[in-house]
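J.: Let me begin by handing over the structure; questions about it come next.
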Amino acid sequence: MLLVVEQFLNGLQFGLLLFLLAAGLTLVFGIMDLVNLAHGSLYMMGAYFAATFAAWTGSFLLGALLALGATLVLGIVLEMSALRHLYGRDHLDHVLATFGLILFFNEAVRLIWGPAGLALPLPAWLTVPVPILPGIHYPAYRLAIIVVALLVALLLYLGVMRTRIGMLIRAGASNREMIGALGINIKLLYTLVFGLGAALAGLAGLMQAPILTVQIGMGENILILAFVIIVIGGIGSIRGAFLAAIFVGMIDTLGRAFLPNLLRQVLSGAAASTAAPALSSMLIYLLMAIVLVVRPEGLFPANRR
Amino acid sequence: MKAFTVAKAVTALMLAGLVLLPLYSSMSGNIFILTLFTRIVILALAAASLNLIMGFGGMMSFGHAAYLGIGGYAVGMLAQEGVGSGFIQFPVALAASALYALVIGALSLRTRGVYFIMITLAFAQMAYYVASGLARYGGDDGLTVYKRSDFSGLINLSNRTQFYYLCLACLFVVLLLIWRIVNSRFGLVVQGLRSNEQRMQAIGFPAKRYQLVCFVISGMMCGLAGALLANNTDFISPAVMYWTRSGDLMVMVILGGMGTLFGPVMGAVVFLLLEEFLSQITEYWALIMGPLLLLIVLFGRGGIMGMLGRAGRG
C-alpha cells in the first residue's frame with residue numbers, strides 16, 4: 001500500500017514535470033509550427049543555470065529564480081538570432097537546424113562547465129519527509145514539485161484562455177495571417193511565446209536537477225518523451241499535453257516499479273529481470289504507436305483546419 | 001540537359017577518388033585513411049538508402065539508424081551463436097531489416113508529416129531499448145564481434161583493402177538499384193505520391209502499398225549497411241541506434257542534396273571528413289559543427305548538389 005501510494009505520487013510528479021516541458025514544445029509547435037529539438041537543451045540549460053546560481057548566491061530559491069530568468073532570456077535570444085528565420089520553412093529544416101543547436105549546446109556546456117556533472121543540493125527545509133496520509137510520508141521536495149507544476153499549469157490555462165495575450169496566442173495558432181493583418185505585432189508575439197516555452201523548459205530542468213544529476217545530454221531522453229506526449233495529446237493542444245503527460249509519467253514510473261515483479265510471475269527470475277527494464281522503457285513508445293494507429297491526429301487534436 | 005555540369009564533374013571526381021583510395025593508402029602507407037573511408041562508404045550507403053524514402057518518396061524517417069542496429073545485431077548475434085558464414089549472416093540481416101520495416105512501415109504510414117517523423121523516431125527508440133535489454137548479447141555495453149563474416153574464401157573481410165572494395169561495391173550496387181527504381185514505373189508512382197498523394201489515389205494507385213514497398217526496400221539497404229558496419233568496427237552496441245545517429249544520417253542526406261542520386265554520398269563524405277577534421281583541430285568540434293548545420297539549413301538550399309548546380313549555372 002505504502003509503495004503503491006508512493007509510486008503513484010512519483011508518477012504524478014514525473015508526469016507534471018513532463019507537462020512543463022511538453023507545454024512549451026506544443027505551444028511553439030502549435031503556434032509557430034516549429035519543430036524544436038533544442039527544447040531539451042533549454043531544459044538542460046535551466047538545470048545548469050540553477051546549479052551555478054544556487055552555488056553563487058548560496059540560496060536554492062534565489063538560484064532557481066535567476067535560472068528561470070536566464071533561460072527566458074536565452075530562449076528569446078535564440079528565437080531572435082536563429083529560429084525566427086525558420087518559420088514557414090519545411091519541418092525537415094527545423095529538425096536539422098535544431099539538431100545542430102543540440103550539438104552546439106552540449107558542446108558549449110562541456111566547454112563551460114566541464115564534462116563532469118553538477119549537483120544541486122537541496123536546502124534542509126525541502127528534504128524532510130511530510131506526512132500525507134496517516135503513516136505515509138513523502139519527500140517534501142517532490143511534493144513541492146507537484147504543487148509548483150500544478151500552479152504553473154493552472155496559470156498557463158488561465159493565461160491562455162482568459163487573458164488578452166492568451167487570446168492573441170490562440171488566434172495566432174488558428175490563423176497567423178489574419179491576426180497580423182489586424183495589426184498585431186506577430187513577431188513580438190512569437191518571441192514571447194518562445195521565451196515562455198523556454199522558461200517552462202528551464203523550470204522543468206531546474207526542478208528535476210536536485211533529483212537527478214545535472215549532466216550533458218540530460219535533455220535528450222526527456223525531449224523524446226515530451227515529443228511522444230505532444231504526439232499522443234495532439235499537437236498544439238495544451239489540454240492534450242497535460243493529460244498525455246500525466247499518463248506517460250504514470251506508465252513510465254509504475255512500469256518501472258511494478259513490471260519486474262509482474263513479469264516474475266510468468267517468467268523465470270533471470271529472464272524477468274533482464275526483460276523488465278527494456279519492456280518498461282518500451283511501454284511508452286508502444287502506447288504512442290497504438291494511439292497513432294487508432295487516432296493519427298492524437299487524442300485531442302487542437303485545431304482542425 | 002547539358003552534357004557537362006559542375007555537379008557532374010565533382011561527382012565523377014569523388015567517385016574516382018573513392019575507387020582509387022586504397023591505391024593512395026598503400027602507396028603512402030596511411031592505413032588510417034582507409035579505415036576512415038570504409039566507415040564513410042558504409043554510412044554513405046545508409047544515407048543513400050534513407051534518401052530513397054526521404055528524397056524520392058517524401059517519407060521523413062527519423063528512425064533510420066534502427067536498421068544499422070538490426071543489420072549489425074544480426075551479424076553479431078549469429079557470430080556469437082557460432083554461425084560465422086556471411087552467406088547466412090547477410091541474408092538474415094536483410095530479412096530482419098525487411099521484417100522490421102514492414103511492421104513499422106505499415107503502422108507509421110497511417111500518419112503523415114510531423115507525426116510520421118515522430119512515430120519512426122519512437123519505433124527506433126523502442127528498438128534501441130530492446131537492444132539495451134538483450135543481456136545475453138551484452139545489453140547496454142554492446143557485443144564484440146570476434147570473427148568477421150566468413151565468405152568461405154570468396155572474399156576476406158579481415159583484409160582492409162578487400163573489405164573496403166566490398167563496401168564500395170555494395171554502395172555502387174545500391175546506387176544503381178536506386179537509380180533503376182527511381183526511373184521505373186514504380187519509382188515514378190512513389191515520386192508522384194510525394195508530390196500529390198490525393199491525386200495519385202484518385203487516379204487509382206494504392207498509395208500506401210507503393211510507399212510501404214519503397215520503405216521496406218530502403219530498410220533492407222540500410223540493414224546491409226548495418227551488417228557491414230558491424231564487420232568494420234568488430235563491435236555492435238545499442239548506441240548505433242540512438243536517435244542522434246538517425247539525425248546524423250538525415251544531416252548527410254540533406255547536406256549532400258536530398259532527392260539526388262549522388263547527393264547523400266557526397267553528404268556522407270563531407271560530413272564525416274568535416275567531423276574528423278574539426279575533431280583534430282579542437283576537442284570541441286561540435287561547437288563549430290552545430291552552427292554550421294544551422295547555416296547550411298538557412299542558406300544552402302538543396303545541399304551541396306544544389307549549390308554546385310547553381311554554381312554551374314551562375
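Chain lettering (A, B, ...) mirrors the order of the C-alpha cells, residue numbering begins at 1 for each chain separately, and ligand numbering begins at 1 in order of display.
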Looking only at the backbone, which of the residues in stretch 63-296 of chain B does DSSP tag as helix (DSSP H, G or I), as a count of residues only?
T.: 180
J.: For stretch 199-210 of chain A, list every protein, DNA or RNA residue within 8 Å, evaluated using only C-alpha atoms, and leave out those in the same chain fewer than 3 positions away; present the list as number ranges by chain.
T.: A: 17-18, 20-21, 23-24, 39-40, 42-51, 64, 67-69, 71-72, 75, 119-122, 145, 195-196, 213-214
J.: Keeping only C-alpha atoms, take the residues you just selected and write them out as an mmCIF file, in the first residue's frame.
T.:
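Here's the written file part_9.cif:
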data_model
loop_
_atom_site.group_PDB
_atom_site.id
_atom_site.type_symbol
_atom_site.label_atom_id
_atom_site.label_comp_id
_atom_site.auth_asym_id
_atom_site.auth_seq_id
_atom_site.Cartn_x
_atom_site.Cartn_y
_atom_site.Cartn_z
ATOM 1 C CA LEU A 17 7.371 17.732 -14.915
ATOM 2 C CA LEU A 18 6.971 16.292 -18.378
ATOM 3 C CA LEU A 20 6.052 21.650 -18.227
ATOM 4 C CA LEU A 21 8.412 20.546 -20.964
ATOM 5 C CA ALA A 23 3.605 22.551 -22.822
ATOM 6 C CA GLY A 24 6.374 24.766 -24.174
ATOM 7 C CA HIS A 39 13.874 22.339 -26.396
ATOM 8 C CA GLY A 40 15.687 19.645 -24.429
ATOM 9 C CA LEU A 42 16.840 24.619 -22.798
ATOM 10 C CA TYR A 43 15.793 22.119 -20.144
ATOM 11 C CA MET A 44 19.441 21.248 -19.634
ATOM 12 C CA MET A 45 20.458 24.912 -19.527
ATOM 13 C CA GLY A 46 17.824 25.556 -16.863
ATOM 14 C CA ALA A 47 19.400 22.880 -14.683
ATOM 15 C CA TYR A 48 22.957 24.149 -15.245
ATOM 16 C CA PHE A 49 21.955 27.748 -14.590
ATOM 17 C CA ALA A 50 20.186 26.741 -11.382
ATOM 18 C CA ALA A 51 23.163 24.736 -10.126
ATOM 19 C CA ALA A 64 16.100 28.913 -9.170
ATOM 20 C CA ALA A 67 17.924 30.461 -13.598
ATOM 21 C CA LEU A 68 14.325 30.896 -14.680
ATOM 22 C CA GLY A 69 15.092 34.422 -15.836
ATOM 23 C CA THR A 71 16.511 30.583 -19.584
ATOM 24 C CA LEU A 72 13.807 33.054 -20.538
ATOM 25 C CA GLY A 75 15.128 31.477 -25.276
ATOM 26 C CA ALA A 119 24.908 18.554 -8.206
ATOM 27 C CA LEU A 120 22.238 20.919 -6.986
ATOM 28 C CA PRO A 121 21.888 20.356 -3.227
ATOM 29 C CA LEU A 122 18.511 20.980 -1.630
ATOM 30 C CA ILE A 145 7.319 19.930 -7.497
ATOM 31 C CA GLY A 195 10.503 32.749 -24.397
ATOM 32 C CA LEU A 196 7.621 31.384 -22.351
ATOM 33 C CA THR A 213 22.453 14.889 -11.533
ATOM 34 C CA VAL A 214 22.899 17.843 -13.821
#
J.: Please, which residues in chain A fall within 8 Å of chain B when counting only C-alpha atoms, and what is the closest atom pair and distance in Å to one decimal for each, ordered by chain then residue number, as a tab-separated table?
T.:
residue	atom	partner	partner_atom	distance
A:His85	CA	B:Leu298	CA	7.4
A:Leu86	CA	B:Leu298	CA	7.4
A:His91	CA	B:Val114	CA	7.1
A:Leu92	CA	B:Met60	CA	7.6
A:Asp93	CA	B:Val297	CA	6.0
A:Leu96	CA	B:Val251	CA	6.5
A:Ala97	CA	B:Leu294	CA	4.4
A:Thr98	CA	B:Leu294	CA	7.3
A:Phe99	CA	B:Gly247	CA	7.2
A:Gly100	CA	B:Gly290	CA	3.8
A:Leu101	CA	B:Gly290	CA	5.4
A:Ile102	CA	B:Gly290	CA	7.2
A:Leu103	CA	B:Gly290	CA	5.1
A:Phe104	CA	B:Leu287	CA	4.7
A:Phe105	CA	B:Leu287	CA	7.7
A:Glu107	CA	B:Leu287	CA	5.5
A:Ala108	CA	B:Leu287	CA	6.4
A:Leu111	CA	B:Tyr284	CA	7.3
A:Ile224	CA	B:Ala122	CA	7.9
A:Phe227	CA	B:Met118	CA	7.3
A:Val228	CA	B:Met118	CA	7.4
A:Val231	CA	B:Tyr115	CA	6.8
A:Thr274	CA	B:Gly133	CA	6.0
A:Ala275	CA	B:Gly133	CA	6.0
A:Pro277	CA	B:Gly133	CA	6.8
A:Ala278	CA	B:Gly133	CA	4.9
A:Leu279	CA	B:Val130	CA	7.5
A:Ser281	CA	B:Tyr129	CA	6.5
A:Met282	CA	B:Met126	CA	5.4
A:Tyr285	CA	B:Ala122	CA	5.6
A:Leu286	CA	B:Met126	CA	7.9
A:Met288	CA	B:Ile119	CA	7.6
A:Ala289	CA	B:Ile119	CA	6.8
A:Leu292	CA	B:Thr111	CA	7.1
A:Val293	CA	B:Leu107	CA	6.2
A:Pro296	CA	B:Thr111	CA	5.5
A:Glu297	CA	B:Tyr115	CA	7.9
J.: Might you pull out every residue within 9 Å of B:Leu18, with only C-alpha atoms counted and same-chain residues fewer than 3 positions away left off, and present them as a VMD selection string?
T.: chain B and resid 13 to 15 21 to 22 37 41 168
J.: At a cut-off of 7 Å, using only C-alpha atoms, what residues contact B:Gly267? Leave out same-chain residues fewer than 2 positions from it and give the result as a VMD selection string.
T.: chain B and resid 252 to 253 255 to 256 263 to 265 269 to 271
J.: Need to verify the contact set: stretch 154-171 of chain A, 9 Å, only C-alpha atoms, exclusion of same-chain residues closer than 6 positions in sequence. Can you return it as a list in words?
T.: Ala23, Leu27, Ile31, Met178, Ile179, Ile184, Leu189, Tyr190, Val193, Ile238 and Arg239 of chain A
J.: Show which residues sit within 12 Å of B:Ser25, as a PyMOL selection string. Count only C-alpha atoms, and ignore same-chain residues fewer than 3 positions away.
T.: chain B and resi 17-22+28-38+160-161+164
J.: Save the residues we just selected, C-alpha atoms, as a PDB file, in the first residue's frame?
T.:
ATOM      1  CA  GLY B  17      38.658   9.224 -55.603  1.00  0.00           C
ATOM      2  CA  LEU B  18      36.703   6.567 -53.735  1.00  0.00           C
ATOM      3  CA  VAL B  19      37.754   3.878 -56.198  1.00  0.00           C
ATOM      4  CA  LEU B  20      41.424   4.853 -56.149  1.00  0.00           C
ATOM      5  CA  LEU B  21      41.692   5.464 -52.419  1.00  0.00           C
ATOM      6  CA  PRO B  22      43.228   2.068 -51.450  1.00  0.00           C
ATOM      7  CA  SER B  28      51.561   6.467 -48.731  1.00  0.00           C
ATOM      8  CA  GLY B  29      51.342   3.806 -46.037  1.00  0.00           C
ATOM      9  CA  ASN B  30      48.445   5.701 -44.476  1.00  0.00           C
ATOM     10  CA  ILE B  31      46.265   2.890 -43.174  1.00  0.00           C
ATOM     11  CA  PHE B  32      44.106   5.172 -41.085  1.00  0.00           C
ATOM     12  CA  ILE B  33      42.613   6.854 -44.133  1.00  0.00           C
ATOM     13  CA  LEU B  34      41.424   3.504 -45.481  1.00  0.00           C
ATOM     14  CA  THR B  35      39.705   2.667 -42.197  1.00  0.00           C
ATOM     15  CA  LEU B  36      38.123   6.102 -42.116  1.00  0.00           C
ATOM     16  CA  PHE B  37      36.858   5.807 -45.659  1.00  0.00           C
ATOM     17  CA  THR B  38      35.488   2.323 -45.105  1.00  0.00           C
ATOM     18  CA  ARG B 160      41.370  -3.998 -45.244  1.00  0.00           C
ATOM     19  CA  THR B 161      41.530  -3.435 -48.976  1.00  0.00           C
ATOM     20  CA  TYR B 164      36.850  -1.616 -48.494  1.00  0.00           C
TER      21      TYR B 164
END
J.: A:Ala245, A:Thr191, A:Arg89, A:Gly172: which is nearest B:Phe299, counting only C-alpha atoms?
T.: A:Arg89
J.: Point out the residue among A:Val152, A:Ile251, A:Leu283, A:Ile232 with the least atom-to-atom distance to A:Pro301, counting only C-alpha atoms.
T.: A:Ile232
